[in-house]
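Chemist: entry20.txt is reproduced in full below (compact mmCIF, N, CA and C atoms).
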```txt
# COMPACT_ATOMS: atom_id res chain seq x y z
N MET A 92 209.03 110.90 5.05
CA MET A 92 209.71 112.16 5.15
C MET A 92 210.86 112.16 4.15
N LYS A 93 211.06 113.29 3.50
CA LYS A 93 212.13 113.43 2.52
C LYS A 93 212.91 114.70 2.81
N VAL A 94 214.23 114.60 2.85
CA VAL A 94 215.12 115.74 3.09
C VAL A 94 215.96 115.96 1.84
N SER A 95 216.02 117.22 1.40
CA SER A 95 216.87 117.55 0.26
C SER A 95 217.54 118.89 0.49
N ASN A 96 218.71 119.04 -0.12
CA ASN A 96 219.40 120.33 -0.06
C ASN A 96 218.69 121.32 -0.97
N MET A 97 218.70 122.57 -0.58
CA MET A 97 218.22 123.61 -1.48
C MET A 97 219.25 123.75 -2.59
N THR A 98 218.85 124.38 -3.67
CA THR A 98 219.76 124.56 -4.79
C THR A 98 220.02 126.04 -5.03
N SER A 99 221.21 126.32 -5.51
CA SER A 99 221.60 127.69 -5.85
C SER A 99 220.96 128.08 -7.17
N PRO A 100 221.01 129.36 -7.53
CA PRO A 100 220.49 129.78 -8.84
C PRO A 100 221.16 129.05 -10.00
N ASN A 101 222.38 128.54 -9.77
CA ASN A 101 223.08 127.78 -10.81
C ASN A 101 222.71 126.31 -10.82
N GLY A 102 221.84 125.89 -9.89
CA GLY A 102 221.41 124.51 -9.85
C GLY A 102 222.26 123.59 -8.98
N ASN A 103 223.22 124.16 -8.25
CA ASN A 103 224.08 123.36 -7.38
C ASN A 103 223.43 123.19 -6.01
N LYS A 104 223.66 122.03 -5.39
CA LYS A 104 223.18 121.81 -4.03
C LYS A 104 223.90 122.75 -3.08
N VAL A 105 223.14 123.33 -2.13
CA VAL A 105 223.70 124.26 -1.17
C VAL A 105 223.86 123.55 0.18
N ALA A 106 225.08 123.57 0.71
CA ALA A 106 225.33 122.93 2.00
C ALA A 106 224.58 123.66 3.11
N ASN A 107 224.07 122.92 4.05
CA ASN A 107 223.46 123.44 5.28
C ASN A 107 222.13 124.16 5.10
N GLN A 108 221.50 124.04 3.94
CA GLN A 108 220.19 124.64 3.68
C GLN A 108 219.29 123.51 3.17
N PHE A 109 218.26 123.18 3.95
CA PHE A 109 217.49 121.97 3.68
C PHE A 109 215.99 122.23 3.56
N ILE A 110 215.34 121.42 2.73
CA ILE A 110 213.88 121.35 2.68
C ILE A 110 213.51 119.95 3.16
N ILE A 111 212.62 119.90 4.13
CA ILE A 111 212.13 118.64 4.68
C ILE A 111 210.65 118.57 4.35
N MET A 112 210.25 117.47 3.70
CA MET A 112 208.85 117.33 3.30
C MET A 112 208.27 116.05 3.87
N ASN A 113 207.02 116.15 4.34
CA ASN A 113 206.26 114.95 4.71
C ASN A 113 204.85 115.12 4.17
N ASP A 114 203.93 114.29 4.62
CA ASP A 114 202.58 114.29 4.05
C ASP A 114 201.83 115.60 4.21
N ASN A 115 202.09 116.33 5.31
CA ASN A 115 201.27 117.52 5.54
C ASN A 115 202.05 118.79 5.85
N SER A 116 203.37 118.78 5.62
CA SER A 116 204.11 120.02 5.83
C SER A 116 205.41 120.04 5.04
N ARG A 117 205.89 121.27 4.85
CA ARG A 117 207.20 121.53 4.25
C ARG A 117 207.96 122.41 5.23
N VAL A 118 209.22 122.08 5.46
CA VAL A 118 210.04 122.77 6.44
C VAL A 118 211.30 123.27 5.77
N PHE A 119 211.69 124.51 6.08
CA PHE A 119 212.99 125.02 5.68
C PHE A 119 213.86 125.06 6.91
N GLN A 120 215.03 124.40 6.81
CA GLN A 120 215.99 124.35 7.91
C GLN A 120 217.32 124.91 7.42
N SER A 121 217.88 125.84 8.19
CA SER A 121 219.19 126.42 7.90
C SER A 121 220.15 125.96 8.99
N TYR A 122 221.19 125.25 8.60
CA TYR A 122 222.10 124.61 9.55
C TYR A 122 221.27 123.74 10.49
N ASP A 123 221.30 123.98 11.79
CA ASP A 123 220.54 123.15 12.74
C ASP A 123 219.25 123.80 13.20
N SER A 124 218.85 124.91 12.57
CA SER A 124 217.67 125.65 13.03
C SER A 124 216.53 125.56 12.03
N VAL A 125 215.35 125.23 12.53
CA VAL A 125 214.14 125.27 11.71
C VAL A 125 213.76 126.74 11.57
N ILE A 126 213.59 127.19 10.34
CA ILE A 126 213.29 128.59 10.06
C ILE A 126 211.82 128.79 9.73
N THR A 127 211.26 127.90 8.92
CA THR A 127 209.89 128.06 8.42
C THR A 127 209.21 126.71 8.31
N ILE A 128 207.93 126.68 8.71
CA ILE A 128 207.10 125.50 8.50
C ILE A 128 205.85 125.94 7.74
N ILE A 129 205.56 125.24 6.67
CA ILE A 129 204.31 125.46 5.94
C ILE A 129 203.48 124.21 6.14
N LYS A 130 202.34 124.35 6.84
CA LYS A 130 201.46 123.22 7.09
C LYS A 130 200.36 123.20 6.06
N ASP A 131 200.11 122.02 5.53
CA ASP A 131 199.04 121.83 4.55
C ASP A 131 198.05 120.78 5.06
N ASP A 132 197.60 120.95 6.31
CA ASP A 132 196.75 119.95 6.96
C ASP A 132 195.36 120.49 7.26
N GLY A 133 194.71 121.05 6.27
CA GLY A 133 193.39 121.62 6.48
C GLY A 133 193.43 123.13 6.45
N ASN A 134 194.51 123.73 6.95
CA ASN A 134 194.75 125.17 6.84
C ASN A 134 195.78 125.36 5.74
N LEU A 135 195.36 125.18 4.52
CA LEU A 135 196.28 125.17 3.39
C LEU A 135 197.21 126.37 3.41
N GLY A 136 198.51 126.07 3.42
CA GLY A 136 199.49 127.13 3.34
C GLY A 136 199.74 127.89 4.62
N GLU A 137 199.32 127.39 5.78
CA GLU A 137 199.58 128.09 7.03
C GLU A 137 201.09 128.15 7.28
N VAL A 138 201.64 129.36 7.39
CA VAL A 138 203.08 129.55 7.51
C VAL A 138 203.43 130.01 8.91
N THR A 139 204.41 129.32 9.52
CA THR A 139 204.95 129.72 10.82
C THR A 139 206.45 129.90 10.66
N LEU A 140 206.95 131.01 11.18
CA LEU A 140 208.37 131.32 11.14
C LEU A 140 208.94 131.29 12.55
N ASP A 141 210.19 130.88 12.67
CA ASP A 141 210.83 130.91 13.98
C ASP A 141 211.06 132.35 14.40
N LYS A 142 210.59 132.72 15.59
CA LYS A 142 210.64 134.11 16.02
C LYS A 142 212.07 134.62 16.25
N HIS A 143 213.02 133.72 16.49
CA HIS A 143 214.40 134.14 16.74
C HIS A 143 215.27 134.09 15.48
N TYR A 144 215.01 133.14 14.59
CA TYR A 144 215.92 132.89 13.48
C TYR A 144 215.38 133.20 12.09
N TRP A 145 214.13 133.64 11.96
CA TRP A 145 213.55 133.80 10.63
C TRP A 145 214.35 134.79 9.78
N ASN A 146 215.02 135.75 10.41
CA ASN A 146 215.79 136.77 9.67
C ASN A 146 217.20 136.86 10.24
N TYR A 147 217.78 135.71 10.56
CA TYR A 147 219.02 135.63 11.31
C TYR A 147 220.25 136.13 10.55
N SER A 148 220.37 135.79 9.28
CA SER A 148 221.56 136.18 8.52
C SER A 148 221.20 136.38 7.06
N ARG A 149 222.14 136.91 6.32
CA ARG A 149 221.93 137.13 4.89
C ARG A 149 221.67 135.80 4.17
N THR A 150 222.44 134.77 4.53
CA THR A 150 222.25 133.46 3.88
C THR A 150 220.91 132.85 4.24
N THR A 151 220.55 132.88 5.52
CA THR A 151 219.24 132.36 5.93
C THR A 151 218.13 133.09 5.19
N SER A 152 218.22 134.41 5.12
CA SER A 152 217.19 135.19 4.43
C SER A 152 217.12 134.86 2.95
N LYS A 153 218.26 134.70 2.33
CA LYS A 153 218.29 134.38 0.89
C LYS A 153 217.53 133.10 0.60
N TYR A 154 217.79 132.06 1.38
CA TYR A 154 217.15 130.77 1.10
C TYR A 154 215.74 130.70 1.66
N ARG A 155 215.43 131.45 2.72
CA ARG A 155 214.04 131.56 3.18
C ARG A 155 213.21 132.23 2.09
N ASN A 156 213.75 133.29 1.50
CA ASN A 156 213.06 133.96 0.40
C ASN A 156 212.80 133.01 -0.76
N GLN A 157 213.79 132.21 -1.09
CA GLN A 157 213.63 131.23 -2.17
C GLN A 157 212.55 130.21 -1.80
N PHE A 158 212.56 129.75 -0.56
CA PHE A 158 211.57 128.76 -0.09
C PHE A 158 210.15 129.32 -0.14
N LEU A 159 209.99 130.58 0.28
CA LEU A 159 208.66 131.20 0.32
C LEU A 159 208.28 131.91 -0.98
N HIS A 160 209.22 132.04 -1.91
CA HIS A 160 208.98 132.73 -3.18
C HIS A 160 208.56 134.18 -2.96
N GLU A 161 209.31 134.87 -2.07
CA GLU A 161 209.02 136.28 -1.80
C GLU A 161 210.25 136.95 -1.20
N THR A 162 210.19 138.28 -1.06
CA THR A 162 211.28 139.05 -0.48
C THR A 162 211.12 139.15 1.04
N THR A 163 212.18 139.59 1.69
CA THR A 163 212.12 139.81 3.15
C THR A 163 211.07 140.87 3.47
N LYS A 164 210.98 141.90 2.66
CA LYS A 164 209.98 142.95 2.87
C LYS A 164 208.56 142.37 2.82
N GLU A 165 208.30 141.48 1.86
CA GLU A 165 206.99 140.85 1.76
C GLU A 165 206.73 139.94 2.97
N THR A 166 207.75 139.22 3.40
CA THR A 166 207.61 138.35 4.58
C THR A 166 207.28 139.20 5.81
N GLN A 167 208.01 140.30 6.00
CA GLN A 167 207.76 141.16 7.15
C GLN A 167 206.34 141.71 7.13
N ALA A 168 205.85 142.10 5.97
CA ALA A 168 204.49 142.61 5.85
C ALA A 168 203.47 141.54 6.25
N LYS A 169 203.72 140.29 5.89
CA LYS A 169 202.80 139.20 6.24
C LYS A 169 202.87 138.87 7.73
N ILE A 170 204.02 139.06 8.34
CA ILE A 170 204.11 138.91 9.80
C ILE A 170 203.31 140.03 10.46
N ASP A 171 203.51 141.26 9.98
CA ASP A 171 202.84 142.42 10.56
C ASP A 171 201.32 142.35 10.44
N ASN A 172 200.81 141.80 9.33
CA ASN A 172 199.35 141.76 9.16
C ASN A 172 198.71 140.46 9.66
N GLY A 173 199.55 139.57 10.24
CA GLY A 173 199.02 138.35 10.85
C GLY A 173 198.86 137.17 9.91
N THR A 174 199.27 137.32 8.65
CA THR A 174 199.18 136.21 7.72
C THR A 174 200.13 135.09 8.13
N TYR A 175 201.33 135.48 8.55
CA TYR A 175 202.32 134.52 9.04
C TYR A 175 202.40 134.62 10.56
N LYS A 176 202.61 133.47 11.21
CA LYS A 176 202.76 133.42 12.65
C LYS A 176 204.22 133.30 13.02
N LEU A 177 204.57 133.83 14.18
CA LEU A 177 205.91 133.65 14.74
C LEU A 177 205.79 132.73 15.94
N ALA A 178 206.74 131.79 16.08
CA ALA A 178 206.74 130.86 17.21
C ALA A 178 208.17 130.39 17.45
N ASN A 179 208.40 129.79 18.60
CA ASN A 179 209.69 129.19 18.88
C ASN A 179 209.71 127.80 18.27
N LEU A 180 210.40 127.62 17.17
CA LEU A 180 210.44 126.35 16.44
C LEU A 180 211.67 125.51 16.79
N ASN A 181 212.51 126.02 17.65
CA ASN A 181 213.76 125.32 17.96
C ASN A 181 213.92 125.08 19.46
```
Could I get this structure in the form of structure tokens?
Modeler:
Amino acid sequence: MKVSNMTSPNGNKVANQFIIMNDNSRVFQSYDSVITIIKDDGNLGEVTLDKHYWNYSRTTSKYRNQFLHETTKETQAKIDNGTYKLANLN
């Protein structure tokens, strides 16, 4: 397992915004809350978002967008059409 800070557009490490990687998943954690899990264990790219915190604050959304490489509007559309799952991750 490897934990690293996310980086700002200027390339600086961002406090309290983390990417956690292991053999079959990537996790975005904001402060003490898991926001997003991408599993790569046979269901390549299966994305689960925390149902309570996925859109919790402007900062969480900014770095979730960076992690997923998309906008909040695109994320919401994927939740609505069932591409992304919501679950209690915390």
Chemist: Find, counting only C-alpha atoms, the residue in A:Thr139, A:Thr162, A:Tyr154, A:Arg149 that gets nearest to A:Ile110.
Modeler: A:Tyr154
Chemist: Counting all atoms listed in the file, figure out which residue out of A:Ser121, A:Gln167, A:Asn113, A:Asn179 gets nearest to A:Thr151.
Modeler: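 Between A:Ser121, A:Gln167, A:Asn113, A:Asn179, the residue approaching A:Thr151 most closely is A:Ser121.
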Chemist: Mind pulling up the distance from atom CA of A:Asn103 to atom CA of A:Asn181?
Modeler: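 Interatomic distance, atom CA of A:Asn181 to atom CA of A:Asn103: 27.4 Å.
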Chemist: Which distance in Å separates atom CA of A:Thr174 and atom CA of A:Asp123, to one decimal?
Modeler: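 Between atom CA of A:Thr174 and atom CA of A:Asp123 the gap works out to 25.5 Å.
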Chemist: Just how far from atom CA of A:Ser148 is atom CA of A:Val105, in Å to one decimal?
Modeler: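 Taking atom CA of A:Val105 as the start and atom CA of A:Ser148 as the end point, the length is 15.5 Å.
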Chemist: Kindly provide, as number ranges by chain, the polymer residues lying within 10 Å of (202.4, 125.9, 2.2), counting only C-alpha atoms and using the coordinates exactly as they appear in the file.
Modeler: A: 115-118, 127-132, 134-139, 158-159
Chemist: Choose the residue, out of A:Gly173, A:Ala168, A:Asp114, A:Lys153, that has the smallest atom-to-atom separation from A:Met92; count all atoms listed in the file.
Modeler: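 Of all the options, A:Asp114 lies closest to A:Met92.
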Chemist: Would you mind writing down, as a PDB file with N, CA and C atoms, keeping the file's coordinate frame, each residue of stretch 112-181 of chain A that DSSP on the backbone assigns to helix (DSSP H, G or I)?
Modeler:
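Once written, out_39.pdb looks like this:
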```
ATOM      1  N   ARG A 149     222.140 136.910   6.320  1.00  0.00           N
ATOM      2  CA  ARG A 149     221.930 137.130   4.890  1.00  0.00           C
ATOM      3  C   ARG A 149     221.670 135.800   4.170  1.00  0.00           C
ATOM      4  N   THR A 150     222.440 134.770   4.530  1.00  0.00           N
ATOM      5  CA  THR A 150     222.250 133.460   3.880  1.00  0.00           C
ATOM      6  C   THR A 150     220.910 132.850   4.240  1.00  0.00           C
ATOM      7  N   THR A 151     220.550 132.880   5.520  1.00  0.00           N
ATOM      8  CA  THR A 151     219.240 132.360   5.930  1.00  0.00           C
ATOM      9  C   THR A 151     218.130 133.090   5.190  1.00  0.00           C
ATOM     10  N   SER A 152     218.220 134.410   5.120  1.00  0.00           N
ATOM     11  CA  SER A 152     217.190 135.190   4.430  1.00  0.00           C
ATOM     12  C   SER A 152     217.120 134.860   2.950  1.00  0.00           C
ATOM     13  N   LYS A 153     218.260 134.700   2.330  1.00  0.00           N
ATOM     14  CA  LYS A 153     218.290 134.380   0.890  1.00  0.00           C
ATOM     15  C   LYS A 153     217.530 133.100   0.600  1.00  0.00           C
ATOM     16  N   TYR A 154     217.790 132.060   1.380  1.00  0.00           N
ATOM     17  CA  TYR A 154     217.150 130.770   1.100  1.00  0.00           C
ATOM     18  C   TYR A 154     215.740 130.700   1.660  1.00  0.00           C
ATOM     19  N   ARG A 155     215.430 131.450   2.720  1.00  0.00           N
ATOM     20  CA  ARG A 155     214.040 131.560   3.180  1.00  0.00           C
ATOM     21  C   ARG A 155     213.210 132.230   2.090  1.00  0.00           C
ATOM     22  N   ASN A 156     213.750 133.290   1.500  1.00  0.00           N
ATOM     23  CA  ASN A 156     213.060 133.960   0.400  1.00  0.00           C
ATOM     24  C   ASN A 156     212.800 133.010  -0.760  1.00  0.00           C
ATOM     25  N   GLN A 157     213.790 132.210  -1.090  1.00  0.00           N
ATOM     26  CA  GLN A 157     213.630 131.230  -2.170  1.00  0.00           C
ATOM     27  C   GLN A 157     212.550 130.210  -1.800  1.00  0.00           C
ATOM     28  N   PHE A 158     212.560 129.750  -0.560  1.00  0.00           N
ATOM     29  CA  PHE A 158     211.570 128.760  -0.090  1.00  0.00           C
ATOM     30  C   PHE A 158     210.150 129.320  -0.140  1.00  0.00           C
ATOM     31  N   LEU A 159     209.990 130.580   0.280  1.00  0.00           N
ATOM     32  CA  LEU A 159     208.660 131.200   0.320  1.00  0.00           C
ATOM     33  C   LEU A 159     208.280 131.910  -0.980  1.00  0.00           C
ATOM     34  N   THR A 163     212.180 139.590   1.690  1.00  0.00           N
ATOM     35  CA  THR A 163     212.120 139.810   3.150  1.00  0.00           C
ATOM     36  C   THR A 163     211.070 140.870   3.470  1.00  0.00           C
ATOM     37  N   LYS A 164     210.980 141.900   2.660  1.00  0.00           N
ATOM     38  CA  LYS A 164     209.980 142.950   2.870  1.00  0.00           C
ATOM     39  C   LYS A 164     208.560 142.370   2.820  1.00  0.00           C
ATOM     40  N   GLU A 165     208.300 141.480   1.860  1.00  0.00           N
ATOM     41  CA  GLU A 165     206.990 140.850   1.760  1.00  0.00           C
ATOM     42  C   GLU A 165     206.730 139.940   2.970  1.00  0.00           C
ATOM     43  N   THR A 166     207.750 139.220   3.400  1.00  0.00           N
ATOM     44  CA  THR A 166     207.610 138.350   4.580  1.00  0.00           C
ATOM     45  C   THR A 166     207.280 139.200   5.810  1.00  0.00           C
ATOM     46  N   GLN A 167     208.010 140.300   6.000  1.00  0.00           N
ATOM     47  CA  GLN A 167     207.760 141.160   7.150  1.00  0.00           C
ATOM     48  C   GLN A 167     206.340 141.710   7.130  1.00  0.00           C
ATOM     49  N   ALA A 168     205.850 142.100   5.970  1.00  0.00           N
ATOM     50  CA  ALA A 168     204.490 142.610   5.850  1.00  0.00           C
ATOM     51  C   ALA A 168     203.470 141.540   6.250  1.00  0.00           C
ATOM     52  N   LYS A 169     203.720 140.290   5.890  1.00  0.00           N
ATOM     53  CA  LYS A 169     202.800 139.200   6.240  1.00  0.00           C
ATOM     54  C   LYS A 169     202.870 138.870   7.730  1.00  0.00           C
ATOM     55  N   ILE A 170     204.020 139.060   8.340  1.00  0.00           N
ATOM     56  CA  ILE A 170     204.110 138.910   9.800  1.00  0.00           C
ATOM     57  C   ILE A 170     203.310 140.030  10.460  1.00  0.00           C
ATOM     58  N   ASP A 171     203.510 141.260   9.980  1.00  0.00           N
ATOM     59  CA  ASP A 171     202.840 142.420  10.560  1.00  0.00           C
ATOM     60  C   ASP A 171     201.320 142.350  10.440  1.00  0.00           C
TER      61      ASP A 171
END
```
Chemist: Using backbone DSSP assignments, extract all strand (DSSP E) residues from chain A; output them as number ranges by chain.
Modeler: A: 93-98, 104-112, 116-121, 124-130, 137-141, 176-178
Chemist: Using all atoms listed in the file, find the one residue out of A:Leu180, A:Tyr147, A:Ile111, A:Met97 that sits nearest to A:Val125.
Modeler: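 Between A:Leu180, A:Tyr147, A:Ile111, A:Met97, the residue approaching A:Val125 most closely is A:Leu180.
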Chemist: Measuring atom to atom with only C-alpha atoms, identify which of A:Leu140, A:Thr150, A:Met112, A:Glu161 is nearest to A:Tyr175.
Modeler: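 Of A:Leu140, A:Thr150, A:Met112, A:Glu161, the one nearest A:Tyr175, counting only C-alpha atoms, is A:Leu140.
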